[in-house]
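A short worksheet on the structure shown next.
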Amino acid sequence: MRRKNLIAIFLVVFTMMLSSFAFYAYQIVYTPNILIEKDDRLFAIPKGSTFKQVRDRLYDEGFLNDVVSFSFLSRLKSYDQEVKAGMYLLKGDMTNIQAINLLRSGAETPVKLTFSNARLISQLPKILTSNLEIDSIDMAQLLLHDTTAQYYGFSKETFISMFIPNTYEVYWTASPKSILDRMKREYDRFWNEERLEKAESLGMSKEEVSTLASIVQGETNKMDEAPTIAGVYINRLKRRIPLQADPTLVFAIGDFSIRRILNKDKELDSPYNTYKNYGLPPGPINVPSIPALNAVLNFEDHRYLYFCAKEDFSGYHVFARTLREHNVNARKFQRALNRERIYR
């Protein structure tokens, strides 16, 4: 009888322990443990991170509720041996198994790489890496290397035209070369058959269109008048009249705070001085935007040869067909500059 009682007690205890273990196992696997009653959040795992570093950050940054259960299941699934770098989207009320499977898979969530403009190619490394794990110094070492422009089919002067300002989705762990490769693919995608035909009708290469677009962009941020300005420069190119574009002189001088070009500036010995040199400069003077590029490709066909900023400082311009008309407009703007005491 005593033997039977012991067996019964053992079975009861075993059943209770088995039930408890099963319940705990269920909780470990299927009970929400990530961002409980919180919104989805991105979690970045840098390259070289250990499991302990990942686990501790998950807890310290408020992602993880119960460390023990997460650690236990991570070891069962060998995640502690398979940490993969990346940017991951962890969702509110995620279970341990869901989070671990995501992190083990390496299924990164793309991040947005956005840039709109840059004056110099030396500014691009910081711009291109602002939302990525890449160090801007590593990007600069590749981007500004002597052979990189040639590798992608450009000269040192025209390389900046490969970067088409837009918003792109890339992986946070992307390498410098993969980013440049992506920029080249986007450049090739931008220059579709229709745009290539328009460039050819202008008698321009892709790089020349980018160069003229950069000048147009340097002249105005009012893209509704950009095709008109592009038309002026195209008219001057056709008539072999120097472009006389002030933004190219500012670029040559290297002082982008200049608001007023002086006569002495026009004597500067530089291939970017479009007062002294006929035609386009060697390359773009900034990263031209898509609207600026399209303004050149879809320029306004008119007879204007001159333009001048409006005296109201609205950012818009007045256009003229003759030098006499232009001189009248220019004097008005110069008087406005003097009134505002803008001498440089």
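In the structure tokens, the first chain shown is A, the next is B, and so on; residue numbers restart at 1 for each chain, and ligands run from 1 in the order shown.
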Practice task
DSSP on the backbone, then: every residue of range 163-261 of chain A marked strand (DSSP E), written as a list in words.
Solution key: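 Answer for range 163-261 of chain A, restricted to strand (DSSP E): Asn166, Thr167, Tyr168, Glu169 and Val170 of chain A.
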Practice task
Find the distance between CA of Ile45 in chain A and CA of Gln123 in chain A and write it in Å to one decimal.
Solution key: 26.8 Å
Give me the range 48-139 of chain A side of the contact with range 289-297 of chain A, cut-off 12 Å, one line per residue showing its nearest atom pair and distance in Å at one decimal, counting only C-alpha atoms, sorted by chain and residue number, as CSV.
residue,atom,partner,partner_atom,distance
A:Phe115,CA,A:Ser289,CA,9.7
A:Ser116,CA,A:Ser289,CA,6.8
A:Asn117,CA,A:Ser289,CA,6.9
A:Ala118,CA,A:Ser289,CA,9.7
A:Arg119,CA,A:Ser289,CA,11.5
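For range 101-151 of chain A, backbone-based DSSP labels the following residues as alpha helix (DSSP H): A:Asn101, A:Leu102, A:Leu103, A:Arg104, A:Ser105, A:Leu124, A:Pro125, A:Lys126, A:Ile127, A:Leu128, A:Ser136, A:Ile137, A:Asp138, A:Met139, A:Ala140, A:Gln141, A:Leu142, A:Leu143, A:Thr148, A:Ala149, A:Gln150, A:Tyr151.
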Handout entry: Between CA of Val216 in chain A and CA of Tyr316 in chain A, distance in Å (one decimal)
Key =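 Separating CA of Val216 in chain A from CA of Tyr316 in chain A is a distance of 12.5 Å.
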Handout entry: Nearby residues (only C-alpha atoms) at most 10 Å from Phe319 in chain A, same-chain spacing under 3 positions excluded, as a list in words
Key =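 Those residues are Thr228, Ile229, Val232, Arg303, Tyr304, Leu305, Tyr306, Phe307, Cys308, Ala309, Lys310, Thr322, Glu325, His326 and Asn329 of chain A.
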Take the selection from the previous step and output its residues with C-alpha atoms, as a PDB file, in the first residue's frame.
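And here's again22.pdb as it stands now:
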ATOM      1  CA  THR A 228      13.967  79.327 -69.235  1.00  0.00           C
ATOM      2  CA  ILE A 229      17.471  79.777 -67.790  1.00  0.00           C
ATOM      3  CA  VAL A 232      19.414  81.092 -72.327  1.00  0.00           C
ATOM      4  CA  ARG A 303      15.308  84.019 -78.074  1.00  0.00           C
ATOM      5  CA  TYR A 304      16.665  85.286 -74.751  1.00  0.00           C
ATOM      6  CA  LEU A 305      20.446  85.636 -74.421  1.00  0.00           C
ATOM      7  CA  TYR A 306      20.640  87.323 -71.023  1.00  0.00           C
ATOM      8  CA  PHE A 307      19.039  87.216 -67.594  1.00  0.00           C
ATOM      9  CA  CYS A 308      19.516  89.016 -64.307  1.00  0.00           C
ATOM     10  CA  ALA A 309      18.206  88.531 -60.777  1.00  0.00           C
ATOM     11  CA  LYS A 310      15.142  90.603 -59.961  1.00  0.00           C
ATOM     12  CA  THR A 322      19.602  92.335 -76.229  1.00  0.00           C
ATOM     13  CA  GLU A 325      17.876  95.510 -72.250  1.00  0.00           C
ATOM     14  CA  HIS A 326      20.093  93.417 -70.024  1.00  0.00           C
ATOM     15  CA  ASN A 329      18.009  95.162 -65.725  1.00  0.00           C
TER      16      ASN A 329
END
Exercise for the section: Give me the residues within 6 Å of Glu169 in chain A as number ranges by chain, counting only C-alpha atoms and dropping any in the same chain fewer than 4 places off. Expected result: A: 110-112
Problem - Selection near Phe163 in chain A, 8 Å with only C-alpha atoms, sequence-local residues under 3 positions removed, as a ChimeraX atom specification - result: /A:160,183-184,187,287
Selection above as a file: N, CA and C atoms, as a compact mmCIF listing (two decimals), in the first residue's frame:
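Everything below was put into part.txt:
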# COMPACT_ATOMS: atom_id res chain seq x y z
N ILE A 160 31.21 63.66 -60.05
CA ILE A 160 30.11 64.10 -59.19
C ILE A 160 28.75 63.95 -59.89
N MET A 183 24.78 53.75 -56.66
CA MET A 183 24.66 55.07 -57.27
C MET A 183 24.86 54.99 -58.79
N LYS A 184 25.79 54.12 -59.21
CA LYS A 184 26.02 53.95 -60.65
C LYS A 184 24.81 53.30 -61.31
N TYR A 187 22.20 55.92 -61.64
CA TYR A 187 22.59 56.85 -62.71
C TYR A 187 22.23 56.26 -64.07
N VAL A 287 26.08 69.00 -57.28
CA VAL A 287 25.31 67.81 -57.66
C VAL A 287 23.96 68.29 -58.18
